[in-house]
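Reproduced below: input.cif, with mmCIF, C-alpha atoms.
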data_my_file
loop_
_atom_site.group_PDB
_atom_site.id
_atom_site.type_symbol
_atom_site.label_atom_id
_atom_site.label_comp_id
_atom_site.auth_asym_id
_atom_site.auth_seq_id
_atom_site.Cartn_x
_atom_site.Cartn_y
_atom_site.Cartn_z
ATOM 1 C CA MET O 1376 0.000 0.000 0.000
ATOM 2 C CA ARG O 1377 2.854 2.367 0.811
ATOM 3 C CA LEU O 1378 4.272 1.906 -2.660
ATOM 4 C CA HIS O 1379 1.012 2.876 -4.369
ATOM 5 C CA ARG O 1380 0.611 5.829 -2.037
ATOM 6 C CA ALA O 1381 4.110 7.043 -2.928
ATOM 7 C CA ILE O 1382 3.523 6.461 -6.646
ATOM 8 C CA SER O 1383 0.189 8.312 -6.550
ATOM 9 C CA LEU O 1384 1.678 11.259 -4.686
ATOM 10 C CA ALA O 1385 4.655 11.359 -7.061
ATOM 11 C CA CYS O 1386 2.295 11.385 -10.052
ATOM 12 C CA VAL O 1387 0.226 14.188 -8.537
ATOM 13 C CA GLY O 1388 3.418 16.141 -7.900
ATOM 14 C CA GLY O 1389 4.628 15.418 -11.420
ATOM 15 C CA LEU O 1390 1.378 16.628 -12.934
ATOM 16 C CA LEU O 1391 1.523 19.758 -10.777
ATOM 17 C CA LEU O 1392 5.089 20.468 -11.889
ATOM 18 C CA LEU O 1393 4.355 19.696 -15.522
ATOM 19 C CA THR O 1394 1.321 21.972 -15.545
ATOM 20 C CA VAL O 1395 3.158 24.859 -13.881
ATOM 21 C CA LEU O 1396 6.136 24.565 -16.240
ATOM 22 C CA ARG O 1397 3.955 24.354 -19.324
ATOM 23 C CA GLN O 1398 1.669 27.210 -18.312
ATOM 24 C CA LEU O 1399 4.283 29.637 -17.008
ATOM 25 C CA TRP O 1400 7.401 28.809 -19.000
ATOM 26 C CA ILE O 1401 6.706 26.845 -22.195
ATOM 27 C CA ASP O 1402 3.387 28.214 -23.467
ATOM 28 C CA PRO O 1403 2.083 31.107 -21.316
ATOM 29 C CA LEU O 1404 -1.007 33.070 -22.218
ATOM 30 C CA PRO O 1405 -0.535 36.726 -23.249
ATOM 31 C CA SER O 1406 -2.314 38.242 -20.244
ATOM 32 C CA ALA O 1407 -0.830 37.643 -16.789
ATOM 33 C CA THR O 1408 -4.239 37.673 -15.125
ATOM 34 C CA THR O 1409 -5.721 35.192 -17.568
ATOM 35 C CA ASN O 1410 -2.645 33.027 -17.215
ATOM 36 C CA ALA O 1411 -2.933 33.001 -13.404
ATOM 37 C CA VAL O 1412 -6.647 32.167 -13.470
ATOM 38 C CA TRP O 1413 -6.176 29.392 -16.030
ATOM 39 C CA LEU O 1414 -3.259 27.938 -14.044
ATOM 40 C CA ALA O 1415 -5.332 27.962 -10.851
ATOM 41 C CA LEU O 1416 -8.196 26.172 -12.619
ATOM 42 C CA GLN O 1417 -5.807 23.518 -13.915
ATOM 43 C CA LEU O 1418 -4.167 22.943 -10.528
ATOM 44 C CA LEU O 1419 -7.359 22.958 -8.446
ATOM 45 C CA PRO O 1420 -8.335 19.291 -8.986
ATOM 46 C CA LEU O 1421 -4.871 18.065 -8.032
ATOM 47 C CA ALA O 1422 -4.715 20.339 -5.001
ATOM 48 C CA LEU O 1423 -8.074 19.054 -3.782
ATOM 49 C CA VAL O 1424 -7.156 15.362 -3.861
ATOM 50 C CA ALA O 1425 -3.569 15.601 -2.547
ATOM 51 C CA PRO O 1426 -4.409 15.953 1.189
ATOM 52 C CA GLY O 1427 -6.704 12.921 1.054
ATOM 53 C CA LEU O 1428 -3.988 10.862 -0.615
ATOM 54 C CA VAL O 1429 -1.656 11.625 2.268
ATOM 55 C CA ARG O 1430 -4.357 10.567 4.762
ATOM 56 C CA LEU O 1431 -5.171 7.330 2.858
ATOM 57 C CA ARG O 1432 -8.799 8.270 2.191
ATOM 58 C CA THR O 1433 -10.506 5.861 -0.192
ATOM 59 C CA THR O 1434 -12.642 8.571 -1.768
ATOM 60 C CA SER O 1435 -9.576 10.702 -2.450
ATOM 61 C CA TYR O 1436 -7.923 7.837 -4.309
ATOM 62 C CA LEU O 1437 -11.084 7.354 -6.327
ATOM 63 C CA LEU O 1438 -11.181 11.073 -7.127
ATOM 64 C CA ALA O 1439 -7.459 11.005 -7.971
ATOM 65 C CA SER O 1440 -8.206 8.301 -10.508
ATOM 66 C CA LEU O 1441 -10.926 10.472 -12.054
ATOM 67 C CA VAL O 1442 -8.662 13.535 -12.038
ATOM 68 C CA GLY O 1443 -5.984 11.438 -13.724
ATOM 69 C CA MET O 1444 -8.460 10.682 -16.486
ATOM 70 C CA LEU O 1445 -9.027 14.420 -16.992
ATOM 71 C CA TYR O 1446 -5.301 14.967 -17.373
ATOM 72 C CA PHE O 1447 -5.131 11.962 -19.710
ATOM 73 C CA VAL O 1448 -7.687 13.560 -22.019
ATOM 74 C CA HIS O 1449 -5.831 16.873 -21.890
ATOM 75 C CA GLY O 1450 -2.535 15.132 -22.621
ATOM 76 C CA VAL O 1451 -3.945 13.285 -25.632
ATOM 77 C CA GLN O 1452 -5.354 16.538 -26.960
ATOM 78 C CA ALA O 1453 -1.982 18.237 -26.492
ATOM 79 C CA GLY O 1454 -0.154 15.230 -27.933
ATOM 80 C CA PHE O 1455 -2.013 15.506 -31.208
ATOM 81 C CA GLY O 1456 -1.854 19.301 -31.137
ATOM 82 C CA PRO O 1457 0.678 21.707 -32.601
ATOM 83 C CA ARG O 1458 4.260 20.523 -32.795
ATOM 84 C CA GLU O 1459 5.732 23.951 -32.205
ATOM 85 C CA LEU O 1460 7.772 24.339 -29.013
ATOM 86 C CA GLY O 1461 7.538 20.570 -28.524
ATOM 87 C CA LEU O 1462 4.104 20.903 -26.933
ATOM 88 C CA HIS O 1463 3.084 17.510 -28.289
ATOM 89 C CA LEU O 1464 5.923 15.891 -26.308
ATOM 90 C CA TRP O 1465 4.737 17.578 -23.128
ATOM 91 C CA GLY O 1466 1.288 16.175 -23.863
ATOM 92 C CA TRP O 1467 2.574 12.622 -24.179
ATOM 93 C CA VAL O 1468 4.518 12.974 -20.921
ATOM 94 C CA GLU O 1469 1.258 14.104 -19.302
ATOM 95 C CA VAL O 1470 -0.475 11.032 -20.736
ATOM 96 C CA GLY O 1471 2.170 8.742 -19.266
ATOM 97 C CA ILE O 1472 2.032 10.292 -15.803
ATOM 98 C CA SER O 1473 -1.766 10.253 -15.762
ATOM 99 C CA VAL O 1474 -1.915 6.580 -16.809
ATOM 100 C CA VAL O 1475 0.398 5.677 -13.934
ATOM 101 C CA LEU O 1476 -1.728 7.785 -11.557
ATOM 102 C CA VAL O 1477 -4.968 6.122 -12.628
ATOM 103 C CA GLY O 1478 -3.492 2.644 -12.300
ATOM 104 C CA SER O 1479 -1.866 3.265 -8.946
ATOM 105 C CA ALA O 1480 -4.885 5.041 -7.471
ATOM 106 C CA SER O 1481 -7.204 2.291 -8.710
ATOM 107 C CA TYR O 1482 -5.090 -0.384 -7.070
ATOM 108 C CA ALA O 1483 -4.931 1.687 -3.867
ATOM 109 C CA VAL O 1484 -8.746 1.881 -3.803
ATOM 110 C CA ARG O 1485 -8.954 -1.913 -4.067
ATOM 111 C CA ALA O 1486 -6.370 -2.361 -1.319
ATOM 112 C CA LEU O 1487 -8.046 0.139 0.994
ATOM 113 C CA ARG O 1488 -11.465 -1.438 0.488
ATOM 114 C CA ALA O 1489 -10.014 -4.886 1.183
ATOM 115 C CA ALA O 1490 -8.423 -3.557 4.374
ATOM 116 C CA GLY O 1491 -11.726 -1.997 5.446
ATOM 117 C CA ALA O 1492 -10.434 1.579 5.578
#
Turn the structure described in the file into structure tokens.
Amino acid sequence: MRLHRAISLACVGGLLLLTVLRQLWIDPLPSATTNAVWLALQLLPLALVAPGLVRLRTTSYLLASLVGMLYFVHGVQAGFGPRELGLHLWGWVEVGISVVLVGSASYAVRALRAAGA
């Protein structure tokens, strides 16, 4: 269980880092205010599930799996998007991290339910 908790938290951290780097450094929006609001909207789902992952809450792992699916869809869209600045590569990295998050969080849900937590 500890391994899946660590993997899930690492994936959440990786998605947070990837999103911040992409939004602020690689492909920022022209307006600083719009950029900040859009970044906050992208980071909100990850920030909401992270505390529950630390506390081993079953519902948080379920929500992390669903959030991972959102990032998977975004990554696929970016992966088939424009090839300028290497944005498609960032999208495929996002897909990989989100697949690992969904798998790890799904297994953690099964393990937590089996343990009765």
Name the residues within 9 Å of (-1.9, 8.0, -9.8), counting all atoms listed in the file in the file's coordinates, and put them as a PDB file with C-alpha atoms, in the frame of the given file.
ATOM      1  CA  HIS O1379       1.012   2.876  -4.369  1.00  0.00           C
ATOM      2  CA  ARG O1380       0.611   5.829  -2.037  1.00  0.00           C
ATOM      3  CA  ILE O1382       3.523   6.461  -6.646  1.00  0.00           C
ATOM      4  CA  SER O1383       0.189   8.312  -6.550  1.00  0.00           C
ATOM      5  CA  LEU O1384       1.678  11.259  -4.686  1.00  0.00           C
ATOM      6  CA  ALA O1385       4.655  11.359  -7.061  1.00  0.00           C
ATOM      7  CA  CYS O1386       2.295  11.385 -10.052  1.00  0.00           C
ATOM      8  CA  VAL O1387       0.226  14.188  -8.537  1.00  0.00           C
ATOM      9  CA  TYR O1436      -7.923   7.837  -4.309  1.00  0.00           C
ATOM     10  CA  ALA O1439      -7.459  11.005  -7.971  1.00  0.00           C
ATOM     11  CA  SER O1440      -8.206   8.301 -10.508  1.00  0.00           C
ATOM     12  CA  GLY O1443      -5.984  11.438 -13.724  1.00  0.00           C
ATOM     13  CA  ILE O1472       2.032  10.292 -15.803  1.00  0.00           C
ATOM     14  CA  SER O1473      -1.766  10.253 -15.762  1.00  0.00           C
ATOM     15  CA  VAL O1474      -1.915   6.580 -16.809  1.00  0.00           C
ATOM     16  CA  VAL O1475       0.398   5.677 -13.934  1.00  0.00           C
ATOM     17  CA  LEU O1476      -1.728   7.785 -11.557  1.00  0.00           C
ATOM     18  CA  VAL O1477      -4.968   6.122 -12.628  1.00  0.00           C
ATOM     19  CA  GLY O1478      -3.492   2.644 -12.300  1.00  0.00           C
ATOM     20  CA  SER O1479      -1.866   3.265  -8.946  1.00  0.00           C
ATOM     21  CA  ALA O1480      -4.885   5.041  -7.471  1.00  0.00           C
ATOM     22  CA  SER O1481      -7.204   2.291  -8.710  1.00  0.00           C
TER      23      SER O1481
END
Can you tell me which residues surround range 1453-1459 of chain O at a distance of at most 9 Å, considering all atoms listed in the file, apart from same-chain residues fewer than 6 positions away, and format the answer as a compact mmCIF listing (two decimals) with C-alpha atoms, in the coordinates of the input?
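Written out: result30.txt:
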# COMPACT_ATOMS: atom_id res chain seq x y z
CA TRP O 1465 4.74 17.58 -23.13
CA GLY O 1466 1.29 16.18 -23.86
CA TRP O 1467 2.57 12.62 -24.18
CA VAL O 1468 4.52 12.97 -20.92
CA GLU O 1469 1.26 14.10 -19.30
CA VAL O 1470 -0.48 11.03 -20.74
_Best match for closeness to His1463 in chain O among O:Met1376, O:Leu1441, O:Asp1402, O:Ala1381, counting only C-alpha atoms_ =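 Comparing O:Met1376, O:Leu1441, O:Asp1402, O:Ala1381 against His1463 in chain O, the winner is O:Asp1402.
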*asked:* Would you compute the distance between CA of Arg1397 in chain O and CA of Leu1462 in chain O? Give it in Å to one decimal.
replied: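 Calculated distance between CA of Arg1397 in chain O and CA of Leu1462 in chain O is 8.4 Å.
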*Using the chain letters and numbers from the file, give me the residues hit by the PyMOL selection byres ((chain O and resi 1418) around 12), as a list in words.*
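Against this file, the PyMOL selection byres ((chain O and resi 1418) around 12) returns the residues Val1387, Gly1388, Gly1389, Leu1390, Leu1391, Leu1392, Leu1393, Thr1394, Val1395, Leu1396, Gln1398, Ala1411, Val1412, Trp1413, Leu1414, Ala1415, Leu1416, Gln1417, Leu1419, Pro1420, Leu1421, Ala1422, Leu1423, Val1424, Ala1425, Val1442, Leu1445 and Tyr1446 of chain O.
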Using all atoms listed in the file, determine which residues lie at most 12 Å from Ala1490 in chain O, disregarding the query and same-chain residues fewer than 4 positions distant; provide the list as a PDB file with C-alpha atoms, in the coordinates of the input.
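Final output, selection_5.pdb:
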ATOM      1  CA  MET O1376       0.000   0.000   0.000  1.00  0.00           C
ATOM      2  CA  LEU O1431      -5.171   7.330   2.858  1.00  0.00           C
ATOM      3  CA  THR O1433     -10.506   5.861  -0.192  1.00  0.00           C
ATOM      4  CA  ALA O1483      -4.931   1.687  -3.867  1.00  0.00           C
ATOM      5  CA  VAL O1484      -8.746   1.881  -3.803  1.00  0.00           C
ATOM      6  CA  ARG O1485      -8.954  -1.913  -4.067  1.00  0.00           C
ATOM      7  CA  ALA O1486      -6.370  -2.361  -1.319  1.00  0.00           C
TER       8      ALA O1486
END
Could you give me the centre and size, in Å to one decimal, of an axis-aligned box around all listed atoms of range 1421-1429 of chain O with 5 Å added on every side, as JSON?
{"center_x": -4.9, "center_y": 15.6, "center_z": -2.9, "size_x": 16.4, "size_y": 19.5, "size_z": 20.3}
*O:Gly1427, O:Gly1471, O:Pro1403, O:Gly1491: which is nearest Val1451 in chain O, counting all atoms listed in the file?*
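Looking only at the distances to Val1451 in chain O, the closest residue turns out to be O:Gly1471.
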_My list of candidates is O:Leu1428, O:Met1444, O:Ile1401, O:Leu1378. Which is closest to Leu1464 in chain O when distances are computed with only C-alpha atoms?_
O:Ile1401
*asked:* One decimal, in Å: what's the spacing between CA of Leu1487 in chain O and CA of Arg1430 in chain O?
replied: 11.7 Å
*Could you please determine the separation between CA of His1449 in chain O and CA of Trp1400 in chain O in Å, to one decimal place?*
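The value is 18.1 Å.
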*With distances taken over only C-alpha atoms, which of O:Thr1409, O:Gly1461, O:Phe1447, O:Arg1488 is nearest to Thr1434 in chain O?*
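Looking only at the distances to Thr1434 in chain O, the closest residue turns out to be O:Arg1488.
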